[in-house]
$ cat start_29.tsv   # TSV, C-alpha atoms
chain	number	residue	atom	x	y	z
A	1	MET	CA	-20.31	26.38	2.49
A	2	ASP	CA	-19.48	23.05	4.13
A	3	PRO	CA	-15.66	22.74	4.41
A	4	LEU	CA	-15.78	18.97	5.00
A	5	TYR	CA	-17.91	18.45	1.91
A	6	ASP	CA	-16.15	20.98	-0.33
A	7	TYR	CA	-12.53	20.25	0.55
A	8	PHE	CA	-12.65	16.52	1.32
A	9	LEU	CA	-15.77	14.72	0.09
A	10	VAL	CA	-16.05	16.44	-3.31
A	11	PRO	CA	-12.42	15.53	-4.16
A	12	LEU	CA	-13.26	11.90	-3.33
A	13	MET	CA	-16.29	12.09	-5.61
A	14	ARG	CA	-13.97	13.37	-8.34
A	15	ASN	CA	-12.02	10.13	-7.96
A	16	GLY	CA	-9.30	11.73	-5.89
A	17	TRP	CA	-8.45	15.41	-6.31
A	18	PHE	CA	-6.17	17.69	-4.39
A	19	ASN	CA	-6.59	21.25	-3.17
A	20	PRO	CA	-4.46	23.29	-0.73
A	21	VAL	CA	-6.64	22.39	2.27
A	22	ASN	CA	-6.76	18.62	1.92
A	23	SER	CA	-3.10	18.56	0.83
A	24	ILE	CA	-2.04	20.26	4.08
A	25	VAL	CA	-4.22	17.99	6.21
A	26	TYR	CA	-3.05	14.81	4.47
A	27	GLY	CA	0.54	16.00	4.77
A	28	ALA	CA	0.15	16.55	8.52
A	29	VAL	CA	-1.42	13.10	8.92
A	30	LEU	CA	1.47	11.63	6.93
A	31	VAL	CA	4.05	13.21	9.25
A	32	VAL	CA	2.25	11.84	12.32
A	33	GLY	CA	1.94	8.44	10.63
A	34	ILE	CA	5.66	8.31	9.83
A	35	TRP	CA	6.51	9.11	13.44
A	36	ALA	CA	4.07	6.50	14.79
A	37	VAL	CA	5.22	3.73	12.44
A	38	PHE	CA	8.88	4.38	13.14
A	39	ASN	CA	8.29	4.11	16.87
A	40	LEU	CA	6.24	0.95	16.38
A	41	LEU	CA	9.06	-0.66	14.40
A	42	LYS	CA	11.53	0.42	17.05
A	43	LYS	CA	9.49	-1.09	19.88
A	44	THR	CA	8.91	-4.37	18.02
A	45	ARG	CA	12.60	-4.61	17.04
A	46	VAL	CA	11.89	-4.66	13.30
A	47	PRO	CA	14.92	-3.15	11.52
A	48	VAL	CA	14.52	-0.76	8.61
A	49	ASP	CA	16.77	-2.68	6.25
A	50	ARG	CA	16.73	-4.40	2.87
A	51	GLY	CA	14.33	-7.06	4.14
A	52	PHE	CA	11.84	-4.42	5.27
A	53	PHE	CA	12.17	-2.69	1.91
A	54	ILE	CA	11.42	-5.94	0.06
A	55	ALA	CA	8.48	-6.70	2.36
A	56	VAL	CA	6.73	-3.40	1.64
A	57	LEU	CA	7.08	-3.50	-2.17
A	58	PRO	CA	4.16	-5.95	-2.67
A	59	PHE	CA	1.91	-3.57	-0.74
A	60	VAL	CA	2.97	-0.71	-3.01
A	61	ALA	CA	2.15	-2.90	-6.01
A	62	PHE	CA	-1.19	-3.80	-4.40
A	63	ALA	CA	-2.00	-0.11	-4.01
A	64	GLY	CA	-1.17	0.56	-7.65
A	65	VAL	CA	-3.37	-2.17	-9.12
A	66	THR	CA	-6.22	-1.57	-6.67
A	67	ARG	CA	-6.24	2.15	-7.41
A	68	THR	CA	-6.40	1.33	-11.10
A	69	LEU	CA	-9.32	-1.02	-10.52
A	70	ARG	CA	-11.01	1.85	-8.77
A	71	ASP	CA	-10.34	4.16	-11.72
A	72	TYR	CA	-11.76	1.58	-14.12
A	73	ILE	CA	-14.90	1.03	-12.06
A	74	TYR	CA	-15.36	4.78	-11.61
A	75	PHE	CA	-15.17	5.17	-15.38
A	76	THR	CA	-17.85	2.52	-15.95
A	77	ALA	CA	-20.14	3.71	-13.14
A	78	ALA	CA	-19.95	7.46	-13.73
A	79	GLY	CA	-22.80	7.45	-16.25
A	80	ASN	CA	-25.35	6.03	-13.82
A	81	PRO	CA	-28.26	8.37	-12.94
A	82	GLY	CA	-27.76	10.13	-9.61
A	83	PHE	CA	-24.13	9.04	-9.42
A	84	LEU	CA	-22.97	12.37	-7.99
A	85	SER	CA	-26.23	13.42	-6.32
A	86	SER	CA	-24.75	12.88	-2.86
A	87	PHE	CA	-21.68	11.35	-1.26
A	88	THR	CA	-23.75	8.47	0.11
A	89	ALA	CA	-25.28	7.69	-3.28
A	90	TYR	CA	-21.88	7.94	-4.87
A	91	MET	CA	-20.22	5.49	-2.47
A	92	GLN	CA	-23.11	3.04	-2.73
A	93	ALA	CA	-22.89	3.14	-6.52
A	94	MET	CA	-19.12	2.58	-6.43
A	95	GLN	CA	-19.42	-0.31	-3.99
A	96	GLN	CA	-22.12	-2.00	-6.03
A	97	ALA	CA	-20.25	-1.52	-9.30
A	98	ALA	CA	-17.07	-2.90	-7.69
A	99	TYR	CA	-18.95	-5.91	-6.31
A	100	THR	CA	-20.44	-6.69	-9.71
A	101	TYR	CA	-17.08	-6.43	-11.45
A	102	VAL	CA	-15.09	-8.51	-8.95
A	103	LEU	CA	-17.82	-11.17	-8.80
A	104	SER	CA	-17.89	-11.46	-12.59
A	105	ALA	CA	-14.08	-11.68	-12.70
A	106	THR	CA	-13.59	-14.18	-9.87
A	107	GLY	CA	-16.91	-15.90	-9.24
A	108	ASN	CA	-16.23	-15.57	-5.50
A	109	SER	CA	-18.96	-13.64	-3.66
A	110	THR	CA	-16.99	-13.34	-0.40
A	111	LEU	CA	-13.96	-11.85	-2.16
A	112	ALA	CA	-16.25	-9.58	-4.19
A	113	PHE	CA	-17.98	-8.34	-1.03
A	114	VAL	CA	-14.74	-7.50	0.81
A	115	ASP	CA	-12.92	-6.14	-2.23
A	116	SER	CA	-15.87	-3.96	-3.25
A	117	TYR	CA	-15.53	-1.91	-0.06
A	118	VAL	CA	-11.74	-1.73	-0.42
A	119	ILE	CA	-12.07	-0.48	-4.00
A	120	ALA	CA	-14.89	1.97	-3.21
A	121	TRP	CA	-12.84	3.69	-0.48
A	122	PHE	CA	-9.50	3.60	-2.28
A	123	PRO	CA	-8.85	7.16	-3.52
A	124	THR	CA	-6.50	9.24	-1.35
A	125	PRO	CA	-6.50	9.17	1.65
A	126	GLY	CA	-8.23	5.79	1.57
A	127	SER	CA	-5.54	4.16	-0.55
A	128	TYR	CA	-2.84	4.98	1.98
A	129	ALA	CA	-5.01	4.10	5.00
A	130	ILE	CA	-6.17	0.73	3.65
A	131	THR	CA	-2.72	-0.26	2.41
A	132	PHE	CA	-1.24	0.76	5.76
A	133	MET	CA	-3.78	-1.34	7.67
A	134	LEU	CA	-3.05	-4.39	5.52
A	135	ALA	CA	0.69	-3.90	6.00
A	136	LEU	CA	0.19	-3.42	9.75
A	137	PHE	CA	-1.89	-6.60	9.93
A	138	SER	CA	0.85	-8.44	8.05
A	139	LEU	CA	3.46	-7.04	10.44
A	140	PHE	CA	1.57	-8.35	13.44
A	141	VAL	CA	1.25	-11.76	11.79
A	142	GLY	CA	4.99	-11.60	11.12
A	143	LEU	CA	5.68	-10.78	14.76
A	144	VAL	CA	3.66	-13.80	15.87
A	145	MET	CA	5.50	-16.01	13.39
A	146	ARG	CA	8.82	-14.64	14.65
A	147	GLU	CA	7.88	-15.27	18.28
A	148	PHE	CA	6.72	-18.87	17.89
A	149	TRP	CA	8.56	-20.16	14.82
A	150	GLY	CA	11.56	-17.86	14.47
A	151	THR	CA	10.54	-16.71	10.97
A	152	GLU	CA	11.86	-13.29	10.03
A	153	CYS	CA	9.06	-10.70	9.90
A	154	TRP	CA	9.88	-9.44	6.44
A	155	LYS	CA	9.38	-12.90	4.92
A	156	THR	CA	5.88	-13.24	6.35
A	157	MET	CA	4.99	-9.71	5.27
A	158	THR	CA	6.27	-10.35	1.76
A	159	ILE	CA	4.16	-13.49	1.35
A	160	LEU	CA	0.98	-11.83	2.64
A	161	GLY	CA	1.64	-8.72	0.55
A	162	MET	CA	2.02	-10.84	-2.57
A	163	ILE	CA	-1.30	-12.55	-1.84
A	164	PHE	CA	-3.08	-9.18	-1.56
A	165	PHE	CA	-1.36	-7.92	-4.70
A	166	LEU	CA	-2.04	-10.98	-6.87
A	167	ALA	CA	-5.70	-11.12	-5.83
A	168	ASN	CA	-6.35	-7.76	-7.51
A	169	ALA	CA	-3.62	-7.85	-10.16
A	170	ALA	CA	-5.28	-10.94	-11.66
A	171	ILE	CA	-8.46	-9.00	-12.46
A	172	VAL	CA	-6.96	-5.76	-13.80
A	173	PRO	CA	-8.20	-5.42	-17.42
A	174	VAL	CA	-4.89	-4.49	-19.11
A	175	SER	CA	-5.44	-3.48	-22.74
A	176	SER	CA	-2.01	-2.23	-23.92
A	177	PHE	CA	1.68	-2.56	-23.04
A	178	THR	CA	2.70	0.50	-25.08
A	179	PRO	CA	2.76	2.80	-22.01
A	180	LEU	CA	5.11	0.35	-20.31
A	181	ALA	CA	7.55	0.58	-23.23
A	182	TYR	CA	7.48	4.40	-23.33
A	183	ILE	CA	7.59	5.06	-19.61
A	184	GLY	CA	9.95	2.20	-18.80
A	185	THR	CA	12.52	3.35	-21.34
A	186	VAL	CA	12.62	6.96	-20.14
A	187	ALA	CA	12.47	6.01	-16.45
A	188	LEU	CA	15.42	3.64	-16.91
A	189	GLY	CA	17.30	6.48	-18.62
A	190	TRP	CA	16.80	8.70	-15.57
A	191	ALA	CA	17.91	5.88	-13.27
A	192	ALA	CA	21.04	5.30	-15.34
A	193	LEU	CA	21.88	9.02	-15.11
A	194	PHE	CA	21.46	9.16	-11.33
A	195	PHE	CA	23.52	6.04	-10.68
A	196	ALA	CA	26.20	7.22	-13.14
A	197	LEU	CA	26.54	10.51	-11.23
A	198	GLY	CA	27.45	8.54	-8.13
A	199	THR	CA	30.30	6.59	-9.73
A	200	LYS	CA	34.01	7.23	-9.25
A	201	ARG	CA	34.39	8.13	-12.93
A	202	ALA	CA	31.81	10.90	-12.65
A	203	SER	CA	33.51	12.12	-9.48
A	204	VAL	CA	36.85	12.34	-11.29
A	205	LEU	CA	35.32	14.22	-14.24
A	206	LEU	CA	33.47	16.67	-12.01
A	207	GLY	CA	36.52	17.03	-9.77
A	208	SER	CA	38.52	18.34	-12.71
A	209	VAL	CA	36.02	21.21	-12.87
A	210	ASP	CA	35.32	21.82	-9.18
A	211	LYS	CA	36.22	19.54	-6.28
A	212	ARG	CA	33.45	20.92	-4.08
A	213	LEU	CA	30.89	20.19	-6.81
A	214	SER	CA	32.30	16.70	-7.20
A	215	GLY	CA	31.98	16.02	-3.48
A	216	ALA	CA	28.44	17.35	-3.29
A	217	VAL	CA	27.30	15.27	-6.28
A	218	ARG	CA	28.96	12.12	-4.95
A	219	LYS	CA	27.32	12.61	-1.57
A	220	MET	CA	23.88	13.19	-3.08
A	221	PHE	CA	23.83	10.38	-5.64
A	222	THR	CA	24.44	7.45	-3.34
A	223	PRO	CA	22.79	4.16	-4.41
A	224	LEU	CA	19.90	4.73	-1.99
A	225	ASN	CA	19.35	8.36	-2.99
A	226	SER	CA	19.59	7.43	-6.67
A	227	THR	CA	16.93	4.75	-6.14
A	228	ILE	CA	14.62	7.29	-4.51
A	229	LEU	CA	15.18	9.87	-7.25
A	230	SER	CA	14.59	7.19	-9.89
A	231	ALA	CA	11.24	6.34	-8.29
A	232	HIS	CA	10.14	9.97	-8.39
A	233	MET	CA	11.28	10.45	-11.98
A	234	PHE	CA	9.37	7.27	-12.83
A	235	ASP	CA	6.30	9.03	-11.44
A	236	ALA	CA	7.10	12.23	-13.36
A	237	THR	CA	7.62	10.25	-16.56
A	238	ALA	CA	4.29	8.45	-16.21
A	239	THR	CA	2.47	11.74	-15.64
A	240	PHE	CA	4.26	13.43	-18.54
A	241	PHE	CA	3.36	10.72	-21.06
A	242	ALA	CA	-0.19	10.43	-19.75
A	243	ILE	CA	-0.88	14.11	-20.36
A	244	ALA	CA	1.25	14.54	-23.50
A	245	LEU	CA	0.42	11.39	-25.47
A	246	PHE	CA	-2.35	9.22	-24.11
A	247	THR	CA	-6.13	9.37	-23.80
A	248	THR	CA	-8.61	7.18	-21.96
A	249	ILE	CA	-10.71	4.47	-23.62
A	250	GLY	CA	-13.47	7.07	-23.69
A	251	GLY	CA	-11.29	9.49	-25.68
A	252	GLN	CA	-10.71	11.94	-22.83
A	253	GLY	CA	-7.31	13.40	-22.00
A	254	TYR	CA	-5.57	12.93	-18.67
A	255	THR	CA	-5.18	15.78	-16.18
A	256	GLU	CA	-2.92	16.34	-13.18
A	257	GLN	CA	-4.65	16.02	-9.78
A	258	HIS	CA	-2.17	17.95	-7.57
A	259	PHE	CA	-2.98	21.64	-7.43
A	260	LEU	CA	0.61	22.99	-7.63
A	261	SER	CA	1.72	21.09	-10.72
A	262	ARG	CA	-1.75	21.52	-12.23
A	263	GLY	CA	-1.42	25.29	-11.83
A	264	LEU	CA	2.03	25.40	-13.45
A	265	MET	CA	1.25	23.20	-16.44
A	266	PRO	CA	-0.45	25.93	-18.54
A	267	PHE	CA	2.81	27.90	-18.39
A	268	ILE	CA	5.46	25.17	-18.62
A	269	GLY	CA	3.61	22.11	-19.91
A	270	PRO	CA	3.61	18.54	-18.54
A	271	GLN	CA	7.42	18.55	-18.42
A	272	VAL	CA	7.04	20.66	-15.27
A	273	MET	CA	6.72	17.33	-13.44
A	274	PHE	CA	10.42	16.61	-13.98
A	275	LEU	CA	11.41	20.04	-12.72
A	276	LEU	CA	9.20	19.83	-9.64
A	277	LYS	CA	10.53	16.42	-8.69
A	278	LEU	CA	14.13	17.59	-8.88
A	279	VAL	CA	13.64	20.85	-6.99
A	280	VAL	CA	11.65	19.13	-4.23
A	281	VAL	CA	13.18	15.67	-3.78
A	282	ILE	CA	16.88	16.61	-3.96
A	283	PRO	CA	16.59	19.25	-1.16
A	284	VAL	CA	14.54	16.82	0.95
A	285	LEU	CA	17.23	14.16	0.63
A	286	TYR	CA	19.92	16.74	1.40
A	287	ILE	CA	18.10	17.81	4.57
A	288	ILE	CA	17.70	14.20	5.71
A	289	ASP	CA	21.37	13.44	5.06
A	290	THR	CA	22.51	16.61	6.80
A	291	TYR	CA	20.32	16.76	9.88
A	292	SER	CA	19.34	13.18	10.69
A	293	ASP	CA	21.97	11.53	12.89
A	294	ASN	CA	19.97	8.36	13.58
A	295	LYS	CA	20.75	5.69	11.00
A	296	GLN	CA	17.42	3.88	11.37
A	297	MET	CA	15.46	7.14	11.24
A	298	THR	CA	17.40	8.26	8.16
A	299	ARG	CA	16.59	5.01	6.39
A	300	PHE	CA	12.92	5.21	7.38
A	301	LEU	CA	12.52	8.82	6.25
A	302	LYS	CA	14.10	7.98	2.93
A	303	PHE	CA	11.88	4.93	2.68
A	304	ALA	CA	8.83	7.20	3.15
A	305	VAL	CA	10.08	9.54	0.41
A	306	PHE	CA	10.58	6.53	-1.86
A	307	ILE	CA	7.00	5.35	-1.26
A	308	LEU	CA	5.64	8.81	-2.11
A	309	GLY	CA	7.27	8.45	-5.52
A	310	ILE	CA	6.87	4.80	-6.43
A	311	ALA	CA	3.24	4.42	-5.25
A	312	PRO	CA	1.69	7.01	-7.61
A	313	ALA	CA	4.10	5.92	-10.36
A	314	ALA	CA	2.81	2.35	-10.15
A	315	ARG	CA	-0.80	3.53	-10.21
A	316	ASN	CA	-0.23	5.86	-13.17
A	317	LEU	CA	1.56	3.22	-15.24
A	318	VAL	CA	-1.05	0.52	-14.66
A	319	ARG	CA	-3.85	3.01	-15.30
A	320	LEU	CA	-2.37	3.88	-18.69
A	321	MET	CA	-2.06	0.18	-19.50
A	322	VAL	CA	-5.77	-0.21	-18.72
A	323	GLY	CA	-6.70	3.01	-20.50
A	324	VAL	CA	-8.81	4.80	-17.89
$ encode --input "start_29.tsv" --output "structure tokens"
Amino acid sequence: MDPLYDYFLVPLMRNGWFNPVNSIVYGAVLVVGIWAVFNLLKKTRVPVDRGFFIAVLPFVAFAGVTRTLRDYIYFTAAGNPGFLSSFTAYMQAMQQAAYTYVLSATGNSTLAFVDSYVIAWFPTPGSYAITFMLALFSLFVGLVMREFWGTECWKTMTILGMIFFLANAAIVPVSSFTPLAYIGTVALGWAALFFALGTKRASVLLGSVDKRLSGAVRKMFTPLNSTILSAHMFDATATFFAIALFTTIGGQGYTEQHFLSRGLMPFIGPQVMFLLKLVVVIPVLYIIDTYSDNKQMTRFLKFAVFILGIAPAARNLVRLMVGV
């Protein structure tokens, strides 16, 4: 038994798959990464504010469309002889298939060469690592622009992020907007509920039942917390509809990649995603609000939680629209 191969390389060859071992390792790396990025922002005097939030959104969108491109190319390349014979053969086949697709879509061999390696290495943890490196590069460009021209960092990052996003979004083979209608409607319903719970009217209604309950609900469903919860329920909604209603262009059903939710689905069904999001995200936000006394750190931790919801949600939605 080769732990590296079994727990890390095989999941990559399955187009991204999670088990307890790689989940723990990736989680530990994520914690270290959050700490390192926060300290980097602190040293470079980049505030975690609305501008930073706006600047990172294009990179999240880039990750979603690029991951979908990877899914599409995996689907088309999986039938090749020897595709899964070894990790090296697998990566070579993915890179070549990605190069061929991007070249046919853009006619640009340089873009096809670079993008083929990005796409080939894009399942988790590659998707997070590559997106992080592009965002970090954009941050450094932004710092240079700020130093010499006085341009705010977030503006430079936003422009570069949009360039990365549009380069791959333009070649995503969307085949249907039906998933957008289904998922968008339900996700907006969840968002409306969360934001409604944070209003004064809801506080008054709940206060007539129990003032302590009213205070706890009002404290939890702030605009920022409601945005984060909405992102995670967007992800849950996309997963629910994918498994319950949709199939790929090859006629196969979708399956959940995370081992915990995958293990619970036979007992509860795909709606377990909604339950898991609520019982995990709400306590996490409560802990951050209760124990973090640094305003910038609180914002950054919540920003990280938001990314963990919106990034897979974007990928899942676009993947359903492509049908792979």
$ residues_around --input "start_29.tsv" --residues "Gly16 in chain A" --least-positions-apart "2" --cutoff "8 Å" --atoms "all atoms listed in the file" --output "PyMOL selection string"
chain A and resi 11-14+18+123-124+257
$ closest_residue --input "start_29.tsv" --among "A:Leu276, A:Leu136, A:Ile163, A:Ala120" --to "Phe87 in chain A" --atoms "all atoms listed in the file"
A:Ala120
$ closest_atom_pairs --input "start_29.tsv" --of "range 28-113 of chain A" --to "range 299-308 of chain A" --cutoff "10 Å" --atoms "only C-alpha atoms" --output "tab-separated table"
residue	atom	partner	partner_atom	distance
A:Leu30	CA	A:Ala304	CA	9.4
A:Val31	CA	A:Ala304	CA	9.8
A:Ile34	CA	A:Ala304	CA	7.5
A:Trp35	CA	A:Leu301	CA	9.4
A:Val37	CA	A:Phe300	CA	9.3
A:Phe38	CA	A:Phe300	CA	7.1
A:Leu41	CA	A:Phe300	CA	9.9
A:Pro47	CA	A:Phe300	CA	9.5
A:Val48	CA	A:Phe300	CA	6.3
A:Asp49	CA	A:Arg299	CA	7.7
A:Phe52	CA	A:Phe303	CA	9.7
A:Phe53	CA	A:Phe303	CA	7.7
A:Val56	CA	A:Ile307	CA	9.2
A:Leu57	CA	A:Ile307	CA	8.9
A:Val60	CA	A:Ile307	CA	7.5
$ closest_residue --input "start_29.tsv" --among "A:Gln252, A:Thr76, A:Thr247, A:Thr106" --to "Ile171 in chain A" --atoms "all atoms listed in the file"
A:Thr106
$ residues_around --input "start_29.tsv" --residues "range 187-189 of chain A" --least-positions-apart "5" --cutoff "9 Å" --atoms "only C-alpha atoms" --output "number ranges by chain"
A: 182, 194, 230-231, 233-238
$ residues_around --input "start_29.tsv" --residues "Tyr5 in chain A" --least-positions-apart "2" --cutoff "12 Å" --atoms "only C-alpha atoms" --output "mmCIF file with C-alpha atoms, in the frame of the given file"
data_model
loop_
_atom_site.group_PDB
_atom_site.id
_atom_site.type_symbol
_atom_site.label_atom_id
_atom_site.label_comp_id
_atom_site.auth_asym_id
_atom_site.auth_seq_id
_atom_site.Cartn_x
_atom_site.Cartn_y
_atom_site.Cartn_z
ATOM 1 C CA MET A 1 -20.310 26.380 2.490
ATOM 2 C CA ASP A 2 -19.480 23.050 4.130
ATOM 3 C CA PRO A 3 -15.660 22.740 4.410
ATOM 4 C CA TYR A 7 -12.530 20.250 0.550
ATOM 5 C CA PHE A 8 -12.650 16.520 1.320
ATOM 6 C CA LEU A 9 -15.770 14.720 0.090
ATOM 7 C CA VAL A 10 -16.050 16.440 -3.310
ATOM 8 C CA PRO A 11 -12.420 15.530 -4.160
ATOM 9 C CA LEU A 12 -13.260 11.900 -3.330
ATOM 10 C CA MET A 13 -16.290 12.090 -5.610
ATOM 11 C CA VAL A 21 -6.640 22.390 2.270
ATOM 12 C CA ASN A 22 -6.760 18.620 1.920
ATOM 13 C CA SER A 86 -24.750 12.880 -2.860
ATOM 14 C CA PHE A 87 -21.680 11.350 -1.260
ATOM 15 C CA THR A 88 -23.750 8.470 0.110
#
